[in-house]
file query_34.tsv (TSV, C-alpha atoms)
chain	number	residue	atom	x	y	z
A	1	MET	CA	34.52	66.62	15.47
A	2	ILE	CA	31.03	68.07	15.48
A	3	SER	CA	31.29	69.59	12.03
A	4	ARG	CA	32.62	66.40	10.43
A	5	ARG	CA	29.87	64.34	12.01
A	6	GLN	CA	27.24	66.89	10.89
A	7	VAL	CA	28.41	66.82	7.27
A	8	ALA	CA	28.79	63.04	7.19
A	9	ASP	CA	25.16	62.78	8.43
A	10	LEU	CA	23.94	65.23	5.79
A	11	SER	CA	26.03	63.52	3.13
A	12	ASN	CA	24.17	60.28	3.83
A	13	ASN	CA	20.92	62.14	3.13
A	14	ILE	CA	21.82	63.84	-0.14
A	15	THR	CA	19.10	61.89	-1.97
A	16	ALA	CA	16.52	63.21	0.52
A	17	PHE	CA	17.46	66.76	-0.52
A	18	GLN	CA	17.36	65.79	-4.18
A	19	ARG	CA	13.82	64.49	-3.74
A	20	VAL	CA	12.73	67.98	-2.65
A	21	ASN	CA	14.73	69.61	-5.47
A	22	ALA	CA	17.28	71.19	-3.18
A	23	GLN	CA	21.03	71.06	-3.42
A	24	LEU	CA	23.20	70.74	-0.37
A	25	VAL	CA	26.13	73.22	-0.23
A	26	VAL	CA	28.62	73.13	2.63
A	27	ILE	CA	30.49	76.33	3.57
A	28	GLY	CA	33.42	76.30	5.96
A	29	ASN	CA	35.58	79.10	7.24
A	30	GLY	CA	39.22	77.98	7.26
A	31	PRO	CA	41.87	78.19	4.53
A	32	ALA	CA	41.04	76.37	1.24
A	33	LYS	CA	43.78	73.79	1.87
A	34	PHE	CA	41.60	72.23	4.59
A	35	ILE	CA	38.82	71.36	2.12
A	36	LEU	CA	40.38	68.21	0.68
A	37	PRO	CA	41.16	66.51	4.02
A	38	PHE	CA	37.62	67.41	5.11
A	39	ARG	CA	36.18	65.70	2.02
A	40	GLU	CA	38.23	62.60	2.72
A	41	ALA	CA	37.10	62.47	6.35
A	42	THR	CA	33.39	62.97	5.61
A	43	ARG	CA	33.23	61.29	2.16
A	44	TYR	CA	31.20	64.31	1.09
A	45	THR	CA	31.54	64.87	-2.67
A	46	GLY	CA	29.01	67.68	-3.20
A	47	PRO	CA	29.58	71.44	-3.44
A	48	LEU	CA	31.99	72.61	-0.76
A	49	TYR	CA	33.40	76.10	-0.28
A	50	THR	CA	35.10	78.19	2.34
A	51	ASP	CA	34.90	81.80	3.37
A	52	PRO	CA	38.30	82.51	4.94
A	53	THR	CA	37.28	86.15	5.48
A	54	LEU	CA	34.32	85.13	7.71
A	55	LYS	CA	32.32	87.96	6.13
A	56	THR	CA	29.33	85.70	5.42
A	57	HIS	CA	29.24	84.56	9.04
A	58	GLY	CA	29.33	88.20	10.15
A	59	ILE	CA	26.50	89.21	7.78
A	60	LEU	CA	24.35	86.34	9.03
A	61	GLY	CA	25.04	87.21	12.65
A	62	PHE	CA	26.33	83.79	13.54
A	63	LYS	CA	27.46	83.59	17.10
A	64	LYS	CA	31.05	84.10	18.06
A	65	GLY	CA	32.54	83.81	21.48
A	66	LEU	CA	33.38	81.53	24.32
A	67	ALA	CA	29.90	81.53	25.87
A	68	SER	CA	28.47	79.68	22.86
A	69	LEU	CA	31.00	76.89	23.32
A	70	VAL	CA	30.50	76.12	26.99
A	71	GLY	CA	27.61	74.25	28.51
A	72	LEU	CA	26.52	70.65	28.68
A	73	ASP	CA	24.99	70.30	25.19
A	74	PRO	CA	28.22	70.92	23.24
A	75	LEU	CA	29.93	68.47	25.54
A	76	LYS	CA	27.26	65.83	24.94
A	77	ALA	CA	27.35	66.42	21.18
A	78	GLY	CA	31.11	66.13	21.34
A	79	MET	CA	30.87	62.84	23.19
A	80	ARG	CA	28.39	61.52	20.61
A	81	ALA	CA	30.73	62.50	17.78
A	82	LEU	CA	33.61	60.88	19.61
A	83	GLY	CA	31.59	57.70	20.10
A	84	THR	CA	30.98	57.40	16.37
A	85	GLY	CA	34.60	57.94	15.46
A	86	TYR	CA	34.60	61.58	14.39
A	87	LEU	CA	37.65	62.79	16.21
A	88	GLN	CA	38.51	66.43	16.01
A	89	LYS	CA	42.11	66.66	14.85
A	90	GLY	CA	42.93	70.19	15.85
A	91	VAL	CA	40.68	73.06	14.99
A	92	GLN	CA	40.93	74.22	11.39
A	93	GLY	CA	39.20	77.58	11.33
A	94	PRO	CA	38.38	80.03	14.11
A	95	PRO	CA	37.44	77.79	17.06
A	96	LEU	CA	34.94	80.25	18.49
A	97	GLN	CA	32.89	80.65	15.33
A	98	GLN	CA	29.42	79.10	15.28
A	99	GLY	CA	27.56	78.06	12.13
A	100	GLY	CA	24.04	77.68	10.85
A	101	VAL	CA	21.76	76.49	8.07
A	102	LEU	CA	19.95	78.51	5.39
A	103	VAL	CA	17.52	77.38	2.72
A	104	VAL	CA	17.49	79.88	-0.17
A	105	GLY	CA	16.13	80.12	-3.71
A	106	PRO	CA	15.52	79.88	-6.52
A	107	GLY	CA	16.26	83.61	-6.52
A	108	ASN	CA	16.52	85.90	-3.50
A	109	ILE	CA	13.99	84.08	-1.32
A	110	VAL	CA	14.83	82.68	2.12
A	111	HIS	CA	12.80	79.70	3.28
A	112	TYR	CA	14.62	78.75	6.45
A	113	VAL	CA	17.24	80.08	8.86
A	114	HIS	CA	18.89	78.34	11.77
A	115	ARG	CA	21.68	79.99	13.71
A	116	SER	CA	23.56	77.58	15.95
A	117	GLN	CA	23.39	78.86	19.49
A	118	LYS	CA	26.26	76.72	20.67
A	119	ALA	CA	28.55	73.96	19.47
A	120	GLY	CA	26.57	70.87	18.52
A	121	ASP	CA	23.31	72.78	18.00
A	122	HIS	CA	22.22	71.52	14.58
A	123	PRO	CA	18.66	71.63	13.25
A	124	PRO	CA	16.96	68.25	12.69
A	125	LEU	CA	17.15	66.98	9.10
A	126	GLU	CA	13.34	66.73	8.98
A	127	GLU	CA	13.02	70.45	9.78
A	128	ILE	CA	15.33	71.38	6.87
A	129	LEU	CA	13.54	69.02	4.47
A	130	GLN	CA	10.18	70.52	5.43
A	131	ALA	CA	11.52	73.99	4.64
A	132	CYS	CA	12.71	72.72	1.23
A	133	ALA	CA	9.35	71.18	0.39
A	134	VAL	CA	7.33	74.41	0.66
B	135	MET	CA	11.05	89.74	1.11
B	136	ALA	CA	11.57	89.37	4.83
B	137	PHE	CA	11.57	86.06	6.56
B	138	SER	CA	11.27	85.36	10.23
B	139	TYR	CA	10.07	82.77	12.68
B	140	ASN	CA	10.50	81.96	16.30
B	141	LEU	CA	12.24	78.82	17.47
B	142	LYS	CA	12.88	78.03	21.13
B	143	GLY	CA	12.31	81.70	21.89
B	144	ILE	CA	15.10	82.83	19.58
B	145	MET	CA	14.16	85.14	16.77
B	146	MET	CA	15.39	83.98	13.41
B	147	HIS	CA	15.26	86.69	10.83
B	148	ILE	CA	16.88	87.65	7.56
B	149	ASP	CA	15.69	90.69	5.61
B	150	SER	CA	16.06	91.19	1.86
B	151	GLN	CA	18.95	93.64	2.27
B	152	THR	CA	20.91	91.13	4.33
B	153	LEU	CA	20.29	88.39	1.78
B	154	LYS	CA	21.45	90.63	-1.07
B	155	GLU	CA	24.57	91.57	0.86
B	156	LEU	CA	25.20	87.89	1.52
B	157	GLY	CA	24.76	87.10	-2.17
B	158	ARG	CA	27.46	89.60	-3.10
B	159	GLN	CA	30.12	87.74	-1.08
B	160	ASN	CA	32.66	85.45	-2.68
B	161	LEU	CA	33.56	81.95	-1.52
B	162	VAL	CA	36.53	79.85	-2.62
B	163	ASP	CA	36.69	76.15	-3.50
B	164	GLU	CA	39.55	73.68	-2.97
B	165	LYS	CA	41.26	74.94	-6.14
B	166	GLU	CA	41.07	78.54	-4.84
B	167	ARG	CA	38.48	79.40	-7.50
B	168	SER	CA	36.12	82.19	-6.53
B	169	LYS	CA	32.33	81.68	-6.41
B	170	ARG	CA	29.76	84.41	-5.86
B	171	LEU	CA	27.21	83.22	-3.32
B	172	SER	CA	24.14	84.48	-5.22
B	173	GLU	CA	25.19	82.27	-8.18
B	174	LEU	CA	24.43	79.27	-6.00
B	175	TRP	CA	20.74	80.10	-5.55
B	176	LYS	CA	20.07	81.99	-8.77
B	177	ASN	CA	18.34	79.07	-10.52
B	178	LYS	CA	17.83	76.50	-7.81
B	179	ARG	CA	17.02	75.93	-4.16
B	180	VAL	CA	20.05	75.37	-1.97
B	181	VAL	CA	20.56	74.21	1.59
B	182	LEU	CA	23.56	76.20	2.79
B	183	VAL	CA	25.24	74.53	5.75
B	184	PHE	CA	27.73	76.88	7.42
B	185	ILE	CA	29.99	74.69	9.48
B	186	ARG	CA	32.03	75.74	12.50
B	187	HIS	CA	35.34	74.48	11.24
B	188	PHE	CA	36.94	71.87	8.99
B	189	GLY	CA	38.44	69.99	11.96
call {"tool": "encode", "arguments": {"input": "query_34.tsv", "output": "structure tokens"}}
result
Amino acid sequence: MISRRQVADLSNNITAFQRVNAQLVVIGNGPAKFILPFREATRYTGPLYTDPTLKTHGILGFKKGLASLVGLDPLKAGMRALGTGYLQKGVQGPPLQQGGVLVVGPGNIVHYVHRSQKAGDHPPLEEILQACAV
Amino acid sequence: MAFSYNLKGIMMHIDSQTLKELGRQNLVDEKERSKRLSELWKNKRVVLVFIRHFG
């Protein structure tokens, strides 16, 4: 539920990214067959890929494990997502894998990195936009 | 080029080697077509959102 809510939020702000000349790209980690239902649920029409091997997540050192899922914040984020109608319908992808946000390019230049420390830990949109505007 | 900053006491860092290794990885789209990650940021700035799951 948290991932769908996150992408739906970002999807609503695609023009904000366009204004700073950045393109939003969403990368999941389940089988490719889960992409279409995800698009339908989030109404996100932009670039969307998956890395079923999880190699990218490993390279980036994204958190994996039960500890990153427990705690009050993921629960609160989950309740928020639930309250706005983003119900998690089974977990499609490794349930213990955490995500993150990167701003890269043009070329091999990184402007921003955020590694989610636990479920529901997403960087504020303003923070990402600021990184894009540099 | 290395990049790092400190947020809430957690070190965020990606060095150039890591970024190059990341760029060499292949993603797949809904039609199972392969896409090399570095192609995404070759000519433009991208915001890559790695999500936890598609659920």
call {"tool": "interface_residues", "arguments": {"input": "query_34.tsv", "of": "chain B", "to": "chain A", "cutoff": "7 Å", "atoms": "all atoms listed in the file", "output": "list of chain:residue names"}}
result
B:Met135, B:Phe137, B:Met146, B:Thr152, B:Leu153, B:Leu156, B:Gln159, B:Leu161, B:Val162, B:Asp163, B:Glu164, B:Glu166, B:Trp175, B:Lys176, B:Asn177, B:Lys178, B:Arg179, B:Val180, B:Val181, B:Leu182, B:Val183, B:Phe184, B:Ile185, B:Arg186, B:His187, B:Phe188, B:Gly189
call {"tool": "atom_distance", "arguments": {"input": "query_34.tsv", "atom1": "CA of Thr42 in chain A", "atom2": "CA of Ala8 in chain A"}}
result
4.9 Å
call {"tool": "atom_distance", "arguments": {"input": "query_34.tsv", "atom1": "CA of Asp121 in chain A", "atom2": "CA of Glu173 in chain B"}}
result
27.9 Å
call {"tool": "atom_distance", "arguments": {"input": "query_34.tsv", "atom1": "CA of Lys154 in chain B", "atom2": "CA of Lys169 in chain B"}}
result
15.1 Å
call {"tool": "axis_aligned_box", "arguments": {"input": "query_34.tsv", "around": "range 114-124 of chain A", "padding_each_side": "4 Å", "output": "lines of an AutoDock Vina configuration file"}}
result
center_x = 22.8
center_y = 74.1
center_z = 16.2
size_x = 19.6
size_y = 19.7
size_z = 16.9
